[in-house]
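In what follows, a single structure is set out as structure tokens and then discussed.
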Amino acid sequence: MCGITGYYSFHKSISSTNILEMNQAVKHRGPDDEGFWLYDNEHGISFSGNDSTPKIKEQFPILQEKSSGIALGFRRLSIIDLSEKGHQPMLSENEQIIITFNGEIYNFKKLRQELESLGHSFRSNSDTEVILKGYQEWGNSTFAKLDGMFAICIVDLTNKKLTLARDRVGMKPLFYYQSEEGLVWASEIKALLKNEFVKPEINWNGVYTNFLFQTTLAPQTCFRDILSLEPASFMTIDLLDQKITKEKFWILPSPSEKNVSEEEVVRTIDKLLSESISEQLYADVPVAVMMSGGIDSTLIASKSKPFNPNINTYTISYPFSDEEVKNASLAARHFGVSHEIKEVSDDEALEQLKENIQHFEEPYSSFEVLINAAKYAHDKDFKVVLSGNGADELFAGYSHTLKLNRWLLMKNFNFVKLFIFTKDKFSQRVKNYFSQDYMFDFFRQSQISMMPLEIKKLLHPSVFKNINTDLSGYHVSESKSYSGYFEYDMKYSLSSHHVFRDDLSAMKYSVEFRYPYLSNSLINYVASLPEHIRFNGVQNKPLLRKTAEKYLPESVLNMPKKGFSFPVHYFIKNEKRVRDFIVENLNSLKKRNFFNAAVIDEWWNHQEHEYDWVKIWQLVTFELWYQKYFEK
């Protein structure tokens, strides 16, 4: 688990100051080591950095002022093969293929055996070298063979091409900037902004989707000309003519119509989850399981014990999480694992609030509790934490999925929106509901965020007129059933939102989150099951509940779904510090002439609906995002 940076200048050599500053911007992703590789005038050379280990500094000169057309940077968080043999950028024996890699490959031992049988030998025990040898053997077909999370850059000097690749569901981020001058890429946007080619500008199309969905829909970001490489894809740049091509190496399987019993399905899910947990527990550093108290993470903790009897578990306690904490403690006693509770006080939650918000590279609608979870793991020397993230998307876990069948019926009456002329809040909500013509719209509505009509009122006309409000380009298959909704959950709720937030939260404190529910085999199997087996419209996560029955206490199994986040409305209501913080930032925002100040005041002074605070917090975080990335 690490951070990668790099650039390819199309027409001229540029200063190494660029890659040094880019690497420094993501130091938190890899405090254990750093490395560089520069290429200019048909010659490549490796360098160490100020934060490299002593042995690496003995091997390679420290990078000073130097010019190059291509530069790769790397920050290392040592998880597997802690020796210098895992150092990156890693070069092939003939120094013609160079790789930087962020992530973990859980099936790397199996792939290594296969490659050894084909005649390859290895110098390290790292998964990085397995990817490198795999590329030498299979080329770009390697990416489909990798079971894990990854963002990869490969420079192939023999075939004169540079390739960027990202894992199947986007667990590891990879952003890039492309212009006539060159291509720049990095694990985080804050690194891209350190390159001389990149000048931060607002992408209002990205902001528009962010306000609608509580996250910016990939491949867009809130920065103009900065894109997210889409999951399950790779991008190749020809080093001779700078031609860029993009390809998918995997697509989500469609449900089949085969006859299969629920009992057989539950047995298979149990087996595949065990295999995934077993592989993901492998590390050369301490591992823990983060338990929220719900089914997803508690089941992982339970099934981890046979593979690691001394597995550590912990739970973050915050306001209104009493029941979750109680259930987590009960479950830990039930299957006999060590368990600690970290209580986050109001003061701790509000500590570094501005810094934490600005660490995310777009507006957001919550306090991110995972930052506190990562900090606790870091303080306890847990470099690897297993998470239950992904189970909700894979197994129909969100409560709004239970409204799907009603919506499919009610959408037949969408014509009534033409007869709603009143402008009061209730009428506008009704009109918004009957404006959901596509599964994409139903998914948007379920995110509990701003409505399209609200954004139109909020934004200054000079800004709004330049936004492309036609979002049909984000549509997927639009199947009129649960499988259609499932595609959106996997593509946008998971890839664009949750694992992206997880990565930024964890890596702020140099911690690696892993996701046993997101193994290749488990995703492929569940996605291909007949729809009626996966979704019954009555109960969320029916298959996972059945799988968990023999492992978990009844109180955990019957616990209603609850989000893992600080209750922002609680802080707004009870903390004057938070209200003052909001007012200060809203007043600053109103002076920018991006938004209608009267609408901001109305939203702040008339919070009636249960989730009205979400819109306020999105505006506050927009202001803080703007301050961080656009004001010098």
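Please note that chains go A, B, ... in the order of the structure tokens, that every chain numbers its residues from 1, and that ligands are numbered from 1 in the order shown.
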Using DSSP secondary structure from the backbone, list all alpha helix (DSSP H) positions within region 399-445 of chain A, as a PyMOL selection string. chain A and resi 404-410+425-433+439-445
Let me see the file: selected residues, C-alpha atoms, as a compact mmCIF listing (two decimals), in the first residue's frame.
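Full text of again21.txt as output:
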```txt
# COMPACT_ATOMS: atom_id res chain seq x y z
CA LEU A 404 -37.39 -0.18 -5.51
CA ASN A 405 -40.49 -2.25 -6.33
CA ARG A 406 -42.81 0.58 -5.25
CA TRP A 407 -40.92 3.02 -7.45
CA LEU A 408 -41.07 0.69 -10.46
CA LEU A 409 -44.85 0.75 -10.02
CA MET A 410 -45.18 4.48 -9.28
CA LYS A 425 -41.33 22.57 -0.53
CA PHE A 426 -43.76 19.65 -0.38
CA SER A 427 -44.90 20.19 -3.98
CA GLN A 428 -41.31 20.40 -5.15
CA ARG A 429 -40.51 17.13 -3.37
CA VAL A 430 -43.47 15.45 -5.02
CA LYS A 431 -42.43 16.81 -8.40
CA ASN A 432 -38.89 15.58 -7.82
CA TYR A 433 -40.21 12.10 -6.98
CA MET A 439 -33.13 3.77 -12.65
CA PHE A 440 -30.31 6.33 -12.58
CA ASP A 441 -32.79 8.90 -11.21
CA PHE A 442 -34.03 6.49 -8.54
CA PHE A 443 -30.44 5.89 -7.50
CA ARG A 444 -29.83 9.65 -7.37
CA GLN A 445 -32.90 10.18 -5.20
```
Against region 531-555 of chain A, which residues of region 306-326 of chain A fall within 12 Å? For each one I want the closest pair of atoms and the distance in Å (one decimal), counting only C-alpha atoms, rows by chain and increasing residue number, as CSV.
```
residue,atom,partner,partner_atom,distance
A:Glu323,CA,A:Ser555,CA,9.7
A:Glu324,CA,A:Ser555,CA,10.0
A:Val325,CA,A:Ser555,CA,11.9
A:Lys326,CA,A:Ser555,CA,9.7
```
Same residues, all heavy atoms, output as a PDB file, in the first residue's frame:
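Contents of the output file selection34.pdb:
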```
ATOM      1  N   GLU A 323     -25.756   1.254  20.715  1.00  0.00           N
ATOM      2  CA  GLU A 323     -26.220  -0.098  20.395  1.00  0.00           C
ATOM      3  C   GLU A 323     -25.203  -0.851  19.558  1.00  0.00           C
ATOM      4  O   GLU A 323     -24.972  -2.049  19.767  1.00  0.00           O
ATOM      5  CB  GLU A 323     -27.560  -0.022  19.649  1.00  0.00           C
ATOM      6  CG  GLU A 323     -28.202  -1.397  19.475  1.00  0.00           C
ATOM      7  CD  GLU A 323     -29.579  -1.307  18.816  1.00  0.00           C
ATOM      8  OE1 GLU A 323     -30.065  -0.183  18.570  1.00  0.00           O
ATOM      9  OE2 GLU A 323     -30.154  -2.378  18.551  1.00  0.00           O
ATOM     10  N   GLU A 324     -24.574  -0.154  18.610  1.00  0.00           N
ATOM     11  CA  GLU A 324     -23.558  -0.794  17.773  1.00  0.00           C
ATOM     12  C   GLU A 324     -22.370  -1.249  18.613  1.00  0.00           C
ATOM     13  O   GLU A 324     -21.856  -2.359  18.442  1.00  0.00           O
ATOM     14  CB  GLU A 324     -23.077   0.178  16.684  1.00  0.00           C
ATOM     15  CG  GLU A 324     -24.079   0.434  15.576  1.00  0.00           C
ATOM     16  CD  GLU A 324     -25.060   1.541  15.934  1.00  0.00           C
ATOM     17  OE1 GLU A 324     -25.066   1.979  17.109  1.00  0.00           O
ATOM     18  OE2 GLU A 324     -25.830   1.951  15.059  1.00  0.00           O
ATOM     19  N   VAL A 325     -21.938  -0.390  19.531  1.00  0.00           N
ATOM     20  CA  VAL A 325     -20.798  -0.724  20.394  1.00  0.00           C
ATOM     21  C   VAL A 325     -21.142  -1.917  21.283  1.00  0.00           C
ATOM     22  O   VAL A 325     -20.330  -2.836  21.459  1.00  0.00           O
ATOM     23  CB  VAL A 325     -20.397   0.492  21.249  1.00  0.00           C
ATOM     24  CG1 VAL A 325     -19.325   0.110  22.257  1.00  0.00           C
ATOM     25  CG2 VAL A 325     -19.899   1.617  20.353  1.00  0.00           C
ATOM     26  N   LYS A 326     -22.352  -1.908  21.824  1.00  0.00           N
ATOM     27  CA  LYS A 326     -22.800  -3.022  22.674  1.00  0.00           C
ATOM     28  C   LYS A 326     -22.794  -4.329  21.893  1.00  0.00           C
ATOM     29  O   LYS A 326     -22.312  -5.372  22.379  1.00  0.00           O
ATOM     30  CB  LYS A 326     -24.205  -2.719  23.193  1.00  0.00           C
ATOM     31  CG  LYS A 326     -24.814  -3.830  24.021  1.00  0.00           C
ATOM     32  CD  LYS A 326     -26.246  -3.464  24.425  1.00  0.00           C
ATOM     33  CE  LYS A 326     -26.948  -4.635  25.111  1.00  0.00           C
ATOM     34  NZ  LYS A 326     -28.368  -4.308  25.409  1.00  0.00           N
TER      35      LYS A 326
END
```
Find the spatial neighbours of region 373-384 of chain A, counting only C-alpha atoms, within a cut-off of 12 Å - ignore same-chain residues fewer than 6 positions away - and output them as JSON, numbers by chain. {"A": [1, 2, 28, 29, 30, 31, 32, 77, 78, 79, 80, 103, 104, 280, 281, 282, 283, 284, 285, 286, 287, 288, 289, 290, 291, 292, 311, 312, 313, 314, 315, 316, 317, 318, 340, 341, 342, 343, 344, 348, 349, 356, 501, 502, 503, 504, 505, 506, 507, 508, 509, 510, 511, 512, 513, 514, 515, 564, 565, 566]}
Can you pull out every residue within 6 Å of region 120-131 of chain A, counting only C-alpha atoms, but drop anything in the same chain fewer than 5 positions away, and send it as a PyMOL selection string? chain A and resi 81+85-86+108+112+115
Kindly save the residues from that selection, with all heavy atoms included, as a PDB file, in the first residue's frame.
```pdb
ATOM      1  N   ASP A  81       6.938  -8.161   2.319  1.00  0.00           N
ATOM      2  CA  ASP A  81       8.379  -8.101   2.073  1.00  0.00           C
ATOM      3  C   ASP A  81       8.894  -6.728   2.493  1.00  0.00           C
ATOM      4  O   ASP A  81       9.029  -5.804   1.686  1.00  0.00           O
ATOM      5  CB  ASP A  81       8.713  -8.367   0.598  1.00  0.00           C
ATOM      6  CG  ASP A  81      10.232  -8.536   0.392  1.00  0.00           C
ATOM      7  OD1 ASP A  81      10.994  -8.202   1.327  1.00  0.00           O
ATOM      8  OD2 ASP A  81      10.638  -8.990  -0.690  1.00  0.00           O
ATOM      9  N   LYS A  85      14.180  -5.115  -0.967  1.00  0.00           N
ATOM     10  CA  LYS A  85      13.890  -5.798  -2.236  1.00  0.00           C
ATOM     11  C   LYS A  85      12.530  -5.407  -2.791  1.00  0.00           C
ATOM     12  O   LYS A  85      12.262  -5.598  -3.980  1.00  0.00           O
ATOM     13  CB  LYS A  85      13.968  -7.314  -2.047  1.00  0.00           C
ATOM     14  CG  LYS A  85      15.369  -7.830  -1.777  1.00  0.00           C
ATOM     15  CD  LYS A  85      15.369  -9.344  -1.577  1.00  0.00           C
ATOM     16  CE  LYS A  85      16.781  -9.866  -1.304  1.00  0.00           C
ATOM     17  NZ  LYS A  85      16.784 -11.340  -1.070  1.00  0.00           N
ATOM     18  N   GLY A  86      11.650  -4.890  -1.921  1.00  0.00           N
ATOM     19  CA  GLY A  86      10.340  -4.443  -2.383  1.00  0.00           C
ATOM     20  C   GLY A  86      10.320  -2.986  -2.811  1.00  0.00           C
ATOM     21  O   GLY A  86       9.250  -2.433  -3.082  1.00  0.00           O
ATOM     22  N   PHE A 108      -1.150 -13.194  -5.243  1.00  0.00           N
ATOM     23  CA  PHE A 108       0.175 -13.073  -5.854  1.00  0.00           C
ATOM     24  C   PHE A 108       0.996 -14.354  -5.708  1.00  0.00           C
ATOM     25  O   PHE A 108       1.831 -14.661  -6.562  1.00  0.00           O
ATOM     26  CB  PHE A 108       0.926 -11.859  -5.290  1.00  0.00           C
ATOM     27  CG  PHE A 108       1.610 -12.053  -3.958  1.00  0.00           C
ATOM     28  CD1 PHE A 108       2.967 -12.335  -3.895  1.00  0.00           C
ATOM     29  CD2 PHE A 108       0.907 -11.958  -2.766  1.00  0.00           C
ATOM     30  CE1 PHE A 108       3.605 -12.506  -2.681  1.00  0.00           C
ATOM     31  CE2 PHE A 108       1.535 -12.128  -1.546  1.00  0.00           C
ATOM     32  CZ  PHE A 108       2.887 -12.405  -1.496  1.00  0.00           C
ATOM     33  N   ARG A 112       2.651 -16.217  -8.752  1.00  0.00           N
ATOM     34  CA  ARG A 112       4.105 -16.427  -8.730  1.00  0.00           C
ATOM     35  C   ARG A 112       4.436 -17.876  -9.098  1.00  0.00           C
ATOM     36  O   ARG A 112       5.359 -18.123  -9.892  1.00  0.00           O
ATOM     37  CB  ARG A 112       4.659 -16.076  -7.351  1.00  0.00           C
ATOM     38  CG  ARG A 112       6.146 -16.373  -7.207  1.00  0.00           C
ATOM     39  CD  ARG A 112       6.683 -15.872  -5.898  1.00  0.00           C
ATOM     40  NE  ARG A 112       8.064 -16.295  -5.707  1.00  0.00           N
ATOM     41  CZ  ARG A 112       9.010 -15.567  -5.132  1.00  0.00           C
ATOM     42  NH1 ARG A 112       8.732 -14.352  -4.676  1.00  0.00           N
ATOM     43  NH2 ARG A 112      10.246 -16.020  -4.994  1.00  0.00           N
ATOM     44  N   LEU A 115       4.053 -18.312 -12.774  1.00  0.00           N
ATOM     45  CA  LEU A 115       5.144 -17.673 -13.514  1.00  0.00           C
ATOM     46  C   LEU A 115       6.449 -18.456 -13.367  1.00  0.00           C
ATOM     47  O   LEU A 115       7.237 -18.567 -14.324  1.00  0.00           O
ATOM     48  CB  LEU A 115       5.331 -16.230 -13.026  1.00  0.00           C
ATOM     49  CG  LEU A 115       4.227 -15.256 -13.460  1.00  0.00           C
ATOM     50  CD1 LEU A 115       4.245 -13.991 -12.617  1.00  0.00           C
ATOM     51  CD2 LEU A 115       4.382 -14.909 -14.950  1.00  0.00           C
TER      52      LEU A 115
END
```
Within 12 Å of Lys243 (chain A), counting only C-alpha atoms, which residues qualify if same-chain residues fewer than 3 places away don't, as a list of chain:residue names?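 Result of the neighbour search: A:Phe10, A:Lys160, A:Lys161, A:Leu162, A:Thr163, A:Gln178, A:Glu180, A:Gly182, A:Leu183, A:Met235, A:Thr236, A:Ile237, A:Asp238, A:Leu239, A:Leu240, A:Lys246.
When CA of Gly6 (chain A) is paired with CA of Gly170 (chain A), their separation reads 19.2 Å.
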Please report the interatomic distance between CA of Pro319 (chain A) and CA of Lys573 (chain A) in Å with one decimal.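 Calculated distance between CA of Pro319 (chain A) and CA of Lys573 (chain A) is 12.8 Å.
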